[in-house]
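Scroll down for the structure; my scribbles are underneath it.
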Amino acid sequence: MDTFIQLTINGFTLGSVYALIALGYSLVYGILKLLNFAHGDVFMVGSFIGFGALQLLGGSTAPKVPTWLLLVLITLAAMAGCALLGVAIERFAYRPLRNAPRIAPLISALGVSFFLAYSMQLMFGSEQRDYDAFSLSGGALFFNGFDIGNVRVPLLRIVIVASAFALMIVLWLLVTRTRMGKAMRATSYDREAASMMGIDVDRVIVFAFVLGSALAGAAGVMFALRAPTDVAIGFLAGLKGFTAAVIGGIGSIPGAMAGGLILGFAEAFTQGYISTRWSDLLVFVILIVFMLFRPQGLFGKPDIKKV
Amino acid sequence: MKRAMVLALVAGIAAVLAASAVARPTATTGTDAQQAVSCKSQLKIAIVTPLTGGAGFLGNAQLSWAKYAVKRLAPGLGLKVQLLTGDTPVEQGPAPAQALAQKYVADQKVVAVIGPATSGAAAATSQTYFAAGMAHISPSATRTSLTKGTPREGTPGFFRVVPGDFIQGPTDARFMVDKLNAKKVVIIDFQEPYSVGLADAAEVVLKARNVQVIRLSTSVRTTDFSSLVTRTPSDADIVFFPTQQPPDAQTFGQQLIEQGKRAKVFGGDGANSPAQFKLPGAYVSNFAPDISGIAGTKSLIDGWKRDNPGDELESFGPPTYGAVQVALRAIKAACVANKNVLPNRRAVLRKVKQVRIPNWILGGTFRFSTKSNDPLNAKFYIFQIQPNGTYKLVG
């Protein structure tokens with residue numbers, strides 16, 4: 001039972017990060033019908049921005065501000081940096097191809113992905129960067145928390161899951177309760193009609209990139225608080241985020257959240273009960289199964305065309 | 001239709017043959033065609049090591065000692081030597097090492113290679129170097145099959161100045177049983193040559209000593225080890241963690257604490273980095289002791305510190321000094337034997353095995369075993385990480 005509880009906690013933590021990445025895919029796909037394969041690398045850049053901010057604030061062994069503020073500041077720095085990066089990617093890599101055949105922006109997305117990964121490697125090398133969250137407040141993030149049976153739920157995991165859910169709720173409110181959210185939904189439904197109704201479609205698209213990239217930046221920090229980061233983490237994380245989005249139904253915000261958590265649990269339980277060697281394989285088997293038997297995902301709607 | 005199928009078949013075979021010809025290593029082109037090189041001219045040796053990536057700390061330490069060795073030793077031997085540097089990040093697999101091997105083989109002035117530093121890179125390039133008659137002397141590639149057993153991954157051109165995992169694995173395992181009284185050990189490998197070889201070598205000895213062994217495996221790209229930690233039994237005494245990326249050992253150790261597991265982390269030489277793996281109570285092994293405790297090394301260390309102000313003395317650098325020393329001695333011997341002209345690289349290769357160095361940087365006298373291209377009587381050392389992060393020699 002303890003193992004089950006521990007794996008559930010592992011799955012929740014992992015799934016929250018995947019859900020944040022998946023939301024970025026879903027937002028952009030929902031509006032542009034574009035698979036932004038550079039999204040995983042935005043996540044990687046976010047983890048590096050967070051690392052840089054952490055160093056500027058004194059590092060984990062001698063932080064200049066309280067731990068809670070440090071975590072907030074590095075997350076905000078990563079979100080802001082990634083939001084700017086998202087705007088730049090949209091402006092220079094996708095907007096010029098807005099009316100090109102759909103394969104063109106897809107290829108451009110792959111190019112941006114490699115561009116980001118190799119640029120980061122040239123600038124910062126491929127060494128692992130460790131946030132060393134263990135040293136923050138004398139290990140309080142690891143030693144404090146609460147117990148479920150014999151299993152400790154450390155504060156850091158609580159912070160990660162709670163922050164991820166808070167961000168998802170904020171996004172949900174933004175999309176459903178604001179004018180910009182309404183404009184996003186309208187653009188997603190029919191871009192041309194939305195434009196004719198006076199909606200500034202370019203602005204809406206940029207806003208979607210800002211939101212998605214900021215969430216990826218936050219996910220990057222959450223990931224790197226628990227494990228070392230390097231310039232190569234983006235590719236696999238991006239693929240897993242994409243898989244989560246497909247499972248939930250790409251374009252659907254609740255779907256992305258559910259898909260991320262399902263993927264996190266699947267990975268954690270496979271690693272725990274079967275083998276760590278099988279977990280990545282299982283992730284992509286799930287992707288293939290969904291593509292074959294339920295391409296619209298759990299929350300998506302079938303693409304019905306008027307004939 | 002039938003004619004078309006025959007034509008397609010012929011075209012297919014032609015394509016396969018053409019692809020094979022293109023894909024075949026071109027190293028052999030550098031062998032017989034090599035021009036003689038005057039020993040009075042500037043010769044080149046190349047160091048092949050991970051300068052970036054997770055193992056970058058190791059490569060940079062090796063590079064600093066290689067530069068120091070060339071500067072200190074070459075003039076005394078009457079040689080003018082330029083040191084070339086090649087980066088082989090472990091995360092990128094064998095591809096960078098293969099590309100560098102082709103580059104160095106093509107350069108007539110490169111007469112020997114220091115490295116490759118990692119076992120995977122050595123296994124992937126040894127054929128290429130040997131086909132070109134080039135000695136490649138590693139200061140840190142420890143995989144057993146590079147010098148022993150069948151199939152053997154290293155060629156007769158591969159040498160190492162440190163002992164292999166056939167010594168490290170059993171040394172670590174015996175220490176776990178004899179000194180730490182381990183009854184249950186979890187071994188984790190990373191599905192790459194170094195860690196699988198070292199894990200296998202330790203597992204054999206542990207099982208022979210009736211220790212309960214739980215073998216787990218994960219990808220070299222894994223950075224969050226939560227589920228591996230969950231699978232580690234609460235009553236396990238040791239987790240043997242032969243990674244090449246010290247931050248991973250640090251993370252794994254922290255996640256063990258996070259989940260309330262009492263097992264100690266035991267890393268191999270790949271985890272040996274006081275700056276990155278500093279978990280108090282954990283263990284690491286290495287092929288070199290702290291050379292500051294060896295008689296006669298003071299002036300050597302002082303000179304290196306002058307060239308590298310602020311750098312800390314650690315375990316990976318000094319064997320590289322030794323590897324360069326072996327290469328330079330072999331080059332000098334080949335020059336003497338051939339009247340100051342190196343007819344080809346093989347002339348240097350033939351002399352490597354005969355090198356003998358008294359007052360070896362790691363202590364004693366260095367020479368190669370007559371049975372393999374390993375150093376004679378070399379051993380591994382075990383360190384425990386102290387509360388202040390320093391490494392204390394314990395075995």
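The way I read the labels, and the way they are meant: chains A, B, ... in the order of the structure tokens, residue 1 as the first residue of every chain, and ligand 1 as the first ligand shown, with later ones counted on from there.
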Could you name the residues that touch stretch 317-322 of chain B at 8 Å or less, counting only C-alpha atoms, but leaving out those on the same chain fewer than 5 positions away, as a count of residues only?
20
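For chain A, the residues within 6 Å of chain B are Gly125, Ser126, Glu127, Gln128, Phe142, Ala227, Gln271, Gly272, Thr276 and Arg277 of chain A, with only C-alpha atoms used to measure distance.
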Could those residues be written to a file, using C-alpha atoms, as an mmCIF file, in the first residue's frame?
```
data_model
loop_
_atom_site.group_PDB
_atom_site.id
_atom_site.type_symbol
_atom_site.label_atom_id
_atom_site.label_comp_id
_atom_site.auth_asym_id
_atom_site.auth_seq_id
_atom_site.Cartn_x
_atom_site.Cartn_y
_atom_site.Cartn_z
ATOM 1 C CA GLY A 125 27.143 24.153 -22.751
ATOM 2 C CA SER A 126 25.452 20.827 -22.142
ATOM 3 C CA GLU A 127 26.296 20.541 -18.441
ATOM 4 C CA GLN A 128 23.502 19.664 -16.083
ATOM 5 C CA PHE A 142 12.117 17.876 1.560
ATOM 6 C CA ALA A 227 15.836 17.074 -10.954
ATOM 7 C CA GLN A 271 8.204 2.535 -13.354
ATOM 8 C CA GLY A 272 7.090 1.341 -9.956
ATOM 9 C CA THR A 276 11.705 1.971 -15.406
ATOM 10 C CA ARG A 277 12.904 0.767 -18.803
#
```
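Picture a line from atom CA of B:Leu313 to atom CA of B:Pro274; it runs 10.2 Å.
Residues in contact range of stretch 333-345 of chain B, defined as at most 9 Å between only C-alpha atoms, with sequence neighbours fewer than 5 positions away removed, read Thr31, Asp32, Gln34, Gln35, Ala36, Val37, Ser38, Cys39, Lys40, Gln108, Val110, Val111, Ala112, Ala132, Gly133, Met134, Ala135, Leu328, Arg350, Lys351, Val352 and Val355 of chain B.
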I want to know what sits within 7 Å of A:Ala77, based on only C-alpha atoms, with residues of the same chain fewer than 2 positions away left out; could you give that as a short mmCIF file (atom, residue, chain, number, x, y, z; two decimals) with C-alpha atoms, in the first residue's frame?
```
data_model
loop_
_atom_site.label_atom_id
_atom_site.label_comp_id
_atom_site.auth_asym_id
_atom_site.auth_seq_id
_atom_site.Cartn_x
_atom_site.Cartn_y
_atom_site.Cartn_z
CA ILE A 49 15.94 31.10 -16.87
CA GLY A 50 14.81 29.87 -13.45
CA ALA A 53 17.32 33.88 -11.59
CA LEU A 73 10.47 35.13 -8.20
CA ILE A 74 12.26 32.41 -10.14
CA THR A 75 8.93 31.07 -11.42
CA MET A 79 7.27 32.66 -17.08
CA ALA A 80 8.12 36.18 -18.25
CA GLY A 81 11.19 35.06 -20.18
#
```
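Nearest residue to A:Leu141 among A:Ala224, A:Val285, A:Thr67, A:Met123 is A:Thr67, counting only C-alpha atoms.
Closest approach to B:Gly78 among B:Gln42, B:Gln168, B:Asn359, B:Gln98: B:Gln42, based on only C-alpha atoms.
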For stretch 204-219 of chain A, please output as a ChimeraX atom specification all residues within 8 Å (counting only C-alpha atoms; exclusion window: fewer than 6 positions along the same chain).
/A:17-18,20-21,23-25,27-28,31-32,39-40,42-47,75-76,78-87,90,164,167,180,183-184,187
Residue selection dump (N, CA and C atoms) as a compact mmCIF listing (two decimals), in the first residue's frame:
```
# COMPACT_ATOMS: atom_id res chain seq x y z
N VAL A 17 3.33 18.60 -14.07
CA VAL A 17 4.28 19.23 -15.00
C VAL A 17 3.86 18.94 -16.45
N TYR A 18 3.52 17.68 -16.72
CA TYR A 18 3.08 17.33 -18.09
C TYR A 18 1.83 18.12 -18.47
N LEU A 20 0.92 21.08 -17.50
CA LEU A 20 1.26 22.48 -17.84
C LEU A 20 1.84 22.56 -19.25
N ILE A 21 2.69 21.58 -19.59
CA ILE A 21 3.26 21.58 -20.95
C ILE A 21 2.14 21.34 -21.97
N LEU A 23 -0.93 22.03 -21.83
CA LEU A 23 -1.81 23.19 -22.00
C LEU A 23 -1.29 24.13 -23.08
N GLY A 24 0.04 24.28 -23.12
CA GLY A 24 0.64 25.13 -24.16
C GLY A 24 0.37 24.60 -25.55
N TYR A 25 0.50 23.27 -25.69
CA TYR A 25 0.20 22.66 -26.99
C TYR A 25 -1.27 22.90 -27.36
N LEU A 27 -3.45 25.16 -26.27
CA LEU A 27 -3.82 26.55 -26.54
C LEU A 27 -3.48 26.94 -27.97
N VAL A 28 -2.25 26.62 -28.36
CA VAL A 28 -1.80 27.01 -29.70
C VAL A 28 -2.54 26.22 -30.76
N ILE A 31 -6.15 27.37 -31.42
CA ILE A 31 -6.35 28.62 -32.16
C ILE A 31 -5.76 28.56 -33.57
N LEU A 32 -4.56 28.01 -33.68
CA LEU A 32 -3.87 28.04 -34.97
C LEU A 32 -3.92 26.73 -35.73
N HIS A 39 7.65 23.72 -28.39
CA HIS A 39 7.15 24.00 -27.04
C HIS A 39 8.00 23.32 -25.95
N GLY A 40 8.46 22.10 -26.22
CA GLY A 40 9.30 21.40 -25.25
C GLY A 40 10.59 22.16 -24.99
N VAL A 42 10.91 25.43 -25.24
CA VAL A 42 10.56 26.61 -24.43
C VAL A 42 10.57 26.20 -22.95
N PHE A 43 10.04 25.01 -22.69
CA PHE A 43 10.06 24.45 -21.32
C PHE A 43 11.51 24.36 -20.81
N MET A 44 12.41 23.87 -21.67
CA MET A 44 13.82 23.75 -21.29
C MET A 44 14.42 25.13 -20.99
N VAL A 45 14.13 26.10 -21.88
CA VAL A 45 14.64 27.46 -21.68
C VAL A 45 14.13 28.01 -20.34
N GLY A 46 12.87 27.71 -20.03
CA GLY A 46 12.29 28.16 -18.76
C GLY A 46 13.08 27.64 -17.56
N SER A 47 13.48 26.38 -17.65
CA SER A 47 14.25 25.82 -16.52
C SER A 47 15.60 26.51 -16.39
N THR A 75 10.01 31.55 -10.54
CA THR A 75 8.93 31.07 -11.42
C THR A 75 8.44 32.22 -12.30
N LEU A 76 8.27 33.39 -11.70
CA LEU A 76 7.81 34.54 -12.49
C LEU A 76 8.83 34.92 -13.56
N ALA A 78 10.95 32.92 -15.05
CA ALA A 78 10.87 31.92 -16.13
C ALA A 78 9.63 32.13 -16.98
N MET A 79 8.51 32.44 -16.32
CA MET A 79 7.27 32.66 -17.08
C MET A 79 7.40 33.88 -17.98
N ALA A 80 7.98 34.96 -17.45
CA ALA A 80 8.12 36.18 -18.25
C ALA A 80 9.08 35.95 -19.42
N GLY A 81 10.20 35.32 -19.13
CA GLY A 81 11.19 35.06 -20.18
C GLY A 81 10.62 34.19 -21.28
N CYS A 82 9.91 33.15 -20.87
CA CYS A 82 9.34 32.23 -21.87
C CYS A 82 8.21 32.89 -22.65
N ALA A 83 7.44 33.76 -21.98
CA ALA A 83 6.38 34.48 -22.69
C ALA A 83 6.98 35.33 -23.81
N LEU A 84 8.08 36.01 -23.51
CA LEU A 84 8.76 36.81 -24.54
C LEU A 84 9.28 35.92 -25.66
N LEU A 85 9.83 34.79 -25.26
CA LEU A 85 10.34 33.84 -26.27
C LEU A 85 9.20 33.36 -27.16
N GLY A 86 8.05 33.08 -26.53
CA GLY A 86 6.89 32.63 -27.29
C GLY A 86 6.45 33.67 -28.32
N VAL A 87 6.48 34.93 -27.90
CA VAL A 87 6.11 36.03 -28.82
C VAL A 87 7.08 36.06 -30.00
N GLU A 90 6.48 33.14 -32.37
CA GLU A 90 5.28 33.35 -33.18
C GLU A 90 5.53 34.37 -34.28
N ALA A 164 0.88 24.18 -9.86
CA ALA A 164 0.43 23.76 -11.20
C ALA A 164 -1.09 23.88 -11.30
N LEU A 167 -2.19 27.51 -11.45
CA LEU A 167 -1.99 28.08 -12.79
C LEU A 167 -3.06 27.60 -13.76
N MET A 180 -10.78 38.64 -23.44
CA MET A 180 -9.74 38.03 -24.27
C MET A 180 -9.98 36.52 -24.41
N ALA A 183 -12.55 36.06 -26.94
CA ALA A 183 -11.95 36.26 -28.27
C ALA A 183 -11.13 35.03 -28.68
N MET A 184 -10.45 34.43 -27.72
CA MET A 184 -9.67 33.23 -28.02
C MET A 184 -10.60 32.10 -28.47
N THR A 187 -11.89 32.83 -31.94
CA THR A 187 -10.85 32.61 -32.96
C THR A 187 -10.65 31.12 -33.17
```
Name the residues of stretch 168-338 of chain B that fall into strand (DSSP E) according to DSSP on the backbone, using the chain letters and numbers of this document, as a PyMOL selection string.
chain B and resi 184-189+212-217+238-241+264-267+283-286
Find, counting only C-alpha atoms, the residue in A:Met168, A:Ala256, A:Ile262, A:Met120 that gets nearest to A:Asp230.
A:Met120
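You can rank A:Lys64, A:Arg157, A:Lys182, A:Arg203 by their closest distance to A:Leu14 using only C-alpha atoms, and at the top of that list sits A:Arg157.
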